[in-house]
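Down below is the structure, laid out as structure tokens.
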Amino acid sequence: MDKILVHGGVRLKGDVRIGGSKNSALPILAATLLTKEKCVIDRVPDLSDIHYMLTILGRLGCEVERASGVVQIRAEKILTEAPYEIVRKMRASVCVLGPLLGREKAAKVSLPGGCVIGDRPIDLHLKGFESLGAKVVVKGGDILLEAKKLQGARINLRGRHGPTVLGTGNIMMAAVLAEGITDIEGAAEEPEVVDLANFLIAMGAKISGAGTQHIQIEGVPELHGANHTVIPDRIEAGTFLVAGAIAGSRVTVTRTNPAHLGAVITALKKAGFELSHTSDSVTISPNGSRRPLHIETLPYPGFPTDMQAQFCAMLATMDGTSVVTETVFPQRFMHVSELKRMGASIDLNNHCATIHGVERLSGAPVMASDLRASAALVLAALPADGITEINRVYHIDRGYEAIDEKLNALGAHIERVKS
Ligand code: EPZ
């Protein structure tokens with residue numbers, strides 16, 4: 001397993017180009033199962049999670065071609081059973097359930113396991129499929145769906161931790177070929193849901209309200225092929241803005257959409273940083289004052305849970321006491337124990353981290369875990385004293401394309417050690 005060595009004490013400066021959104025590309029690639037015709041998806045990031053999804057689609061019978069960031073997929077004849085040995089590696093594989101049910105009225109996919117950020121139930125997905133008329137059986141670790149036909153329905157997708165992003169996508173992808181009207185209440189409002197809806201509409205689907213909590217879908221008999229360019233990855237952009245906050249003199253993220261970064265920009269300004277933006281870029285620079293924060297993660301457009309770990313890394317050396325409350329994935333604090341190994345002073349109770357800022361962190365061997373926690377450790381290591389060795393770097397490669405190369409181009413000194 002590769003590891004990376006981050007040499008601390010660096011200052012970052014310059015521009016970094018943001019790639020296509022992982023969390024938008026994954027459901028959009030799954031949605032190509034809904035038509036026999038060719039689809040061409042542009043700006044697909046080169047990540048191991050994307051590789052897993054393309055492998056699953058290939059095993060389902062799709063013809064898949066990839067040339068740099070462009071993926072061509074044709075799902076002329078497809079199977080309905082996703083292979084366990086790949087599905088178990090990536091929870092987001094569940095988003096093939098909706099299109100398989102929508103097109104073939106049948107699906108068999110293994111239940112996603114939990115992961116380091118906590119339990120990952122899909123009860124809301126299954127409730128939605130049942131509402132559309134599917135028979136849902138969970139047996140031997142597999143989810144089995146089948147339906148004679150799918151009938152539009154009124155479905156509430158709000159759970160105890162708010163709406164479900166992939167659940168909203170899954171139900172949309174099943175409903176587009178159902179008979180009649182489907183009303184989704186409590187839908188997720190994330191930009192990735194809007195991007196998926198726009199792709200489905202380009203394929204001929206009739207969808208309104210994407211980006212709000214109420215999405216309406218009018219079923220159509222079939223969908224045709226379409227071309228689509230994936231939106232920029234707002235979490236990659238946010239991660240590099242936090243890198244600029246932690247170790248930057250002036251960092252600009254380009255080819256991004258500032259409108260998707262509202263809560264992150266607001267929080268960084270509250271912490272005392274100078275932020276400016278154009279239509280497709282955001283620039284951060286320190287302006288002397290740095291203030292602790294009280295942050296609570298919420299569904300979009302609130303502060304994103306996927307940025308929580310990165311902010312903990314920043315707040316670890318922020319004067320004063322900060323409080324970070326995680327309401328979406330209450331157990332999502334794998335990064336805290338590793339940051340404490342680097343000298344951070346953090347008290348954790350339930351889903352709340354109280355962070356007492358310290359002068360400076362020190363490099364140490366640490367373990368990557370969940371995707372965003374791993375990125376947070378890289379950020380924390382940038383201004384730290386000494387070298388930080390981050391093991392199990394494959395966690396980072398799942399969601400960040402060449403993060404070490406992009407940070408080195410900004411002035412970092414990161415070595416990747418092949419094992
Ligand atoms: C998506 O996961 C993202 N992944 C996650 O990003 C992100 O953290 C999450 O949305 C929240 O924004 C992808 O898009 C591939 P949820 P998803 O269903 O859809 C509970 C990353 O780092 N819930 O919105 O799986 C659930 O336990 C990843 O890129 C149910 O209770 O998340 C959680 O508490 C990590 N029942 C909350 O809802 C369900 O049926 C939100 O989960 C489904 C979810």
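Starting from 1 in every chain, residues are counted up; chains themselves are A, B, ... following the order of the structure tokens, and ligands are numbered from 1 as listed.
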
If we count only C-alpha atoms and set the cut-off at 7 Å, which residues sit around Val264 (chain A), ignoring sequence neighbours fewer than 3 positions away in its own chain? Please answer as a PDB file with all heavy atoms, in the first residue's frame.
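Contents of part-v5.pdb, freshly written:
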```
ATOM      1  N   GLY A 238     -13.380  22.956  -2.109  1.00  0.00           N
ATOM      2  CA  GLY A 238     -13.376  23.362  -0.700  1.00  0.00           C
ATOM      3  C   GLY A 238     -12.117  22.888   0.009  1.00  0.00           C
ATOM      4  O   GLY A 238     -11.540  23.614   0.833  1.00  0.00           O
ATOM      5  N   LEU A 261     -20.424  26.686  -3.311  1.00  0.00           N
ATOM      6  CA  LEU A 261     -19.498  26.731  -2.163  1.00  0.00           C
ATOM      7  C   LEU A 261     -19.932  27.747  -1.113  1.00  0.00           C
ATOM      8  O   LEU A 261     -19.126  28.146  -0.269  1.00  0.00           O
ATOM      9  CB  LEU A 261     -18.091  27.076  -2.674  1.00  0.00           C
ATOM     10  CG  LEU A 261     -17.353  25.937  -3.389  1.00  0.00           C
ATOM     11  CD1 LEU A 261     -16.240  26.492  -4.275  1.00  0.00           C
ATOM     12  CD2 LEU A 261     -16.791  24.942  -2.392  1.00  0.00           C
ATOM     13  N   ALA A 267     -18.048  30.290   5.972  1.00  0.00           N
ATOM     14  CA  ALA A 267     -17.306  29.832   7.162  1.00  0.00           C
ATOM     15  C   ALA A 267     -15.862  30.332   7.126  1.00  0.00           C
ATOM     16  O   ALA A 267     -15.311  30.774   8.144  1.00  0.00           O
ATOM     17  CB  ALA A 267     -17.347  28.307   7.240  1.00  0.00           C
ATOM     18  N   LEU A 268     -15.231  30.292   5.948  1.00  0.00           N
ATOM     19  CA  LEU A 268     -13.832  30.748   5.848  1.00  0.00           C
ATOM     20  C   LEU A 268     -13.740  32.257   6.109  1.00  0.00           C
ATOM     21  O   LEU A 268     -12.799  32.745   6.738  1.00  0.00           O
ATOM     22  CB  LEU A 268     -13.253  30.390   4.480  1.00  0.00           C
ATOM     23  CG  LEU A 268     -12.971  28.893   4.271  1.00  0.00           C
ATOM     24  CD1 LEU A 268     -12.672  28.603   2.799  1.00  0.00           C
ATOM     25  CD2 LEU A 268     -11.809  28.428   5.158  1.00  0.00           C
ATOM     26  N   PHE A 303     -23.702  23.676   5.855  1.00  0.00           N
ATOM     27  CA  PHE A 303     -22.274  23.368   5.812  1.00  0.00           C
ATOM     28  C   PHE A 303     -22.092  21.868   5.533  1.00  0.00           C
ATOM     29  O   PHE A 303     -22.655  21.033   6.249  1.00  0.00           O
ATOM     30  CB  PHE A 303     -21.604  23.743   7.136  1.00  0.00           C
ATOM     31  CG  PHE A 303     -20.109  23.542   7.113  1.00  0.00           C
ATOM     32  CD1 PHE A 303     -19.269  24.547   6.669  1.00  0.00           C
ATOM     33  CD2 PHE A 303     -19.549  22.322   7.472  1.00  0.00           C
ATOM     34  CE1 PHE A 303     -17.906  24.354   6.608  1.00  0.00           C
ATOM     35  CE2 PHE A 303     -18.175  22.117   7.411  1.00  0.00           C
ATOM     36  CZ  PHE A 303     -17.350  23.136   6.972  1.00  0.00           C
TER      37      PHE A 303
END
```

Residues within 9 Å of ligand 1, counting only C-alpha atoms and all ligand atoms: report them as a PyMOL selection string. chain A and resi 22-27+49+90-95+117-127+157-169+188+190+192-193+235+298-300+304-307+327-330+370-373+398-399

One number please: CA of Lys105 (chain A) to CA of Ala147 (chain A), in Å, one decimal.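 Separation between CA of Lys105 (chain A) and CA of Ala147 (chain A): 5.1 Å.
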
DSSP strand (DSSP E or B) residues within region 118-162 of chain A, as number ranges by chain: A: 118, 135-139, 142-146, 151, 154-156, 159, 162

Output the selection as a short mmCIF file (atom, residue, chain, number, x, y, z; two decimals), in the first residue's frame - all heavy atoms for each residue.
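Result went into part_39.cif, see below:
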```cif
data_model
loop_
_atom_site.label_atom_id
_atom_site.label_comp_id
_atom_site.auth_asym_id
_atom_site.auth_seq_id
_atom_site.Cartn_x
_atom_site.Cartn_y
_atom_site.Cartn_z
N GLY A 118 -19.45 5.51 9.70
CA GLY A 118 -20.60 5.07 10.48
C GLY A 118 -21.53 4.19 9.67
O GLY A 118 -21.23 3.81 8.54
N LYS A 135 -41.16 -5.27 -5.31
CA LYS A 135 -41.07 -6.18 -4.17
C LYS A 135 -39.62 -6.16 -3.73
O LYS A 135 -38.72 -6.32 -4.55
CB LYS A 135 -41.49 -7.60 -4.64
CG LYS A 135 -41.53 -8.64 -3.53
CD LYS A 135 -42.26 -9.90 -4.04
CE LYS A 135 -41.83 -11.12 -3.23
NZ LYS A 135 -40.78 -11.90 -3.92
N VAL A 136 -39.39 -5.88 -2.44
CA VAL A 136 -38.01 -5.75 -1.93
C VAL A 136 -37.74 -6.91 -0.98
O VAL A 136 -38.47 -7.11 -0.02
CB VAL A 136 -37.84 -4.41 -1.18
CG1 VAL A 136 -36.45 -4.33 -0.57
CG2 VAL A 136 -38.11 -3.22 -2.11
N VAL A 137 -36.70 -7.70 -1.28
CA VAL A 137 -36.30 -8.79 -0.37
C VAL A 137 -34.81 -8.61 -0.06
O VAL A 137 -34.01 -8.36 -0.98
CB VAL A 137 -36.52 -10.17 -1.05
CG1 VAL A 137 -35.94 -11.28 -0.19
CG2 VAL A 137 -38.01 -10.38 -1.32
N VAL A 138 -34.47 -8.68 1.23
CA VAL A 138 -33.05 -8.64 1.61
C VAL A 138 -32.70 -10.04 2.10
O VAL A 138 -33.26 -10.50 3.09
CB VAL A 138 -32.80 -7.59 2.71
CG1 VAL A 138 -31.34 -7.62 3.13
CG2 VAL A 138 -33.19 -6.20 2.22
N LYS A 139 -31.82 -10.73 1.35
CA LYS A 139 -31.53 -12.14 1.70
C LYS A 139 -30.06 -12.43 1.41
O LYS A 139 -29.53 -12.00 0.38
CB LYS A 139 -32.42 -13.05 0.82
CG LYS A 139 -32.55 -14.48 1.34
CD LYS A 139 -33.65 -15.25 0.61
CE LYS A 139 -33.18 -15.65 -0.80
NZ LYS A 139 -34.19 -16.45 -1.51
N ASP A 142 -27.85 -9.78 0.15
CA ASP A 142 -28.20 -9.13 -1.12
C ASP A 142 -29.54 -8.42 -1.03
O ASP A 142 -30.41 -8.81 -0.25
CB ASP A 142 -28.32 -10.18 -2.24
CG ASP A 142 -26.95 -10.73 -2.63
OD1 ASP A 142 -25.97 -9.95 -2.57
OD2 ASP A 142 -26.86 -11.93 -2.92
N ILE A 143 -29.68 -7.38 -1.84
CA ILE A 143 -30.97 -6.72 -2.02
C ILE A 143 -31.55 -7.25 -3.32
O ILE A 143 -30.90 -7.17 -4.38
CB ILE A 143 -30.80 -5.19 -2.14
CG1 ILE A 143 -30.03 -4.65 -0.95
CG2 ILE A 143 -32.15 -4.51 -2.29
CD1 ILE A 143 -29.28 -3.38 -1.28
N LEU A 144 -32.76 -7.79 -3.27
CA LEU A 144 -33.41 -8.29 -4.48
C LEU A 144 -34.64 -7.42 -4.74
O LEU A 144 -35.50 -7.28 -3.88
CB LEU A 144 -33.84 -9.75 -4.26
CG LEU A 144 -32.68 -10.70 -3.90
CD1 LEU A 144 -33.19 -11.92 -3.15
CD2 LEU A 144 -31.94 -11.10 -5.16
N LEU A 145 -34.70 -6.83 -5.92
CA LEU A 145 -35.86 -6.01 -6.29
C LEU A 145 -36.52 -6.64 -7.50
O LEU A 145 -35.83 -7.13 -8.40
CB LEU A 145 -35.42 -4.59 -6.68
CG LEU A 145 -34.63 -3.76 -5.66
CD1 LEU A 145 -34.32 -2.39 -6.27
CD2 LEU A 145 -35.39 -3.60 -4.37
N GLU A 146 -37.85 -6.66 -7.52
CA GLU A 146 -38.53 -7.00 -8.76
C GLU A 146 -39.90 -6.35 -8.78
O GLU A 146 -40.48 -6.06 -7.72
CB GLU A 146 -38.63 -8.52 -8.95
CG GLU A 146 -39.38 -9.24 -7.89
CD GLU A 146 -39.39 -10.76 -8.16
OE1 GLU A 146 -38.70 -11.22 -9.10
OE2 GLU A 146 -40.11 -11.45 -7.44
N GLN A 151 -45.32 2.09 -10.74
CA GLN A 151 -46.40 3.09 -10.77
C GLN A 151 -45.98 4.31 -9.96
O GLN A 151 -45.48 4.16 -8.84
CB GLN A 151 -47.67 2.46 -10.14
CG GLN A 151 -48.88 3.36 -10.14
CD GLN A 151 -49.35 3.68 -11.57
OE1 GLN A 151 -49.43 2.79 -12.40
NE2 GLN A 151 -49.61 4.95 -11.84
N ARG A 154 -46.36 9.09 -4.29
CA ARG A 154 -45.87 10.20 -3.45
C ARG A 154 -44.93 9.57 -2.42
O ARG A 154 -45.32 8.64 -1.71
CB ARG A 154 -47.06 10.89 -2.78
CG ARG A 154 -46.69 12.01 -1.82
CD ARG A 154 -47.92 12.68 -1.22
NE ARG A 154 -48.62 13.50 -2.23
CZ ARG A 154 -48.21 14.74 -2.57
NH1 ARG A 154 -47.12 15.26 -2.00
NH2 ARG A 154 -48.85 15.44 -3.48
N ILE A 155 -43.69 10.03 -2.35
CA ILE A 155 -42.68 9.38 -1.49
C ILE A 155 -41.98 10.44 -0.65
O ILE A 155 -41.54 11.46 -1.19
CB ILE A 155 -41.62 8.67 -2.37
CG1 ILE A 155 -42.29 7.64 -3.30
CG2 ILE A 155 -40.55 8.00 -1.52
CD1 ILE A 155 -41.37 7.09 -4.39
N ASN A 156 -41.89 10.18 0.68
CA ASN A 156 -41.15 11.09 1.54
C ASN A 156 -39.78 10.47 1.84
O ASN A 156 -39.71 9.37 2.38
CB ASN A 156 -41.90 11.35 2.85
CG ASN A 156 -41.21 12.47 3.63
OD1 ASN A 156 -39.97 12.52 3.67
ND2 ASN A 156 -41.98 13.36 4.22
N GLY A 159 -35.03 11.29 6.29
CA GLY A 159 -34.73 10.36 7.40
C GLY A 159 -34.39 11.14 8.65
O GLY A 159 -34.46 12.37 8.67
N GLY A 162 -31.96 13.81 8.08
CA GLY A 162 -32.23 14.66 6.93
C GLY A 162 -32.43 13.86 5.67
O GLY A 162 -32.62 12.63 5.72
#
```

Under the rule of at most 6 Å, produce a per-residue listing of region 176-278 of chain A near region 30-47 of chain A: chain, number, name, the closest pair of atoms, and the distance in Å, as JSON lines, using only C-alpha atoms.
```
{"residue": "A:Leu223", "atom": "CA", "partner": "A:Thr35", "partner_atom": "CA", "distance": 5.5}
{"residue": "A:His224", "atom": "CA", "partner": "A:Thr35", "partner_atom": "CA", "distance": 5.6}
{"residue": "A:Gly225", "atom": "CA", "partner": "A:Glu37", "partner_atom": "CA", "distance": 4.6}
{"residue": "A:Ala226", "atom": "CA", "partner": "A:Cys39", "partner_atom": "CA", "distance": 5.0}
{"residue": "A:Asn227", "atom": "CA", "partner": "A:Val40", "partner_atom": "CA", "distance": 4.6}
{"residue": "A:His228", "atom": "CA", "partner": "A:Ile41", "partner_atom": "CA", "distance": 4.9}
{"residue": "A:Thr229", "atom": "CA", "partner": "A:Asp42", "partner_atom": "CA", "distance": 4.5}
{"residue": "A:Val230", "atom": "CA", "partner": "A:Arg43", "partner_atom": "CA", "distance": 5.5}
```

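Near Arg360 (chain A), within a cut-off of 8 Å and counting only C-alpha atoms, sit the residues A:Thr317, A:Gly343, A:Val358, A:Ser362, A:Pro383, A:Ala384, A:Asp385, with same-chain residues fewer than 2 positions away left out.
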
Those residues with C-alpha atoms, as a CSV table (one decimal), in the first residue's frame please?
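Now in again06.csv:
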```csv
chain,number,residue,atom,x,y,z
A,317,THR,CA,-4.1,25.7,15.0
A,343,GLY,CA,-0.4,17.5,18.8
A,358,VAL,CA,-2.5,25.1,19.6
A,362,SER,CA,4.1,18.3,14.7
A,383,PRO,CA,2.4,23.8,8.1
A,384,ALA,CA,3.4,21.2,10.7
A,385,ASP,CA,7.0,20.8,12.1
```

Name all residues at most 6 Å from Glu296 (chain A) (count only C-alpha atoms; drop same-chain ones fewer than 2 positions away) and give them as a PyMOL selection string. chain A and resi 324-326

Quick one: everything within 12 Å of Gly244 (chain A), counting only C-alpha atoms, minus sequence neighbours fewer than 5 positions away in the same chain. Send it as number ranges by chain. A: 10-16, 237-239, 249-253, 268, 273-275, 282-286, 310-311, 314, 379-380, 382-383, 407, 410-412
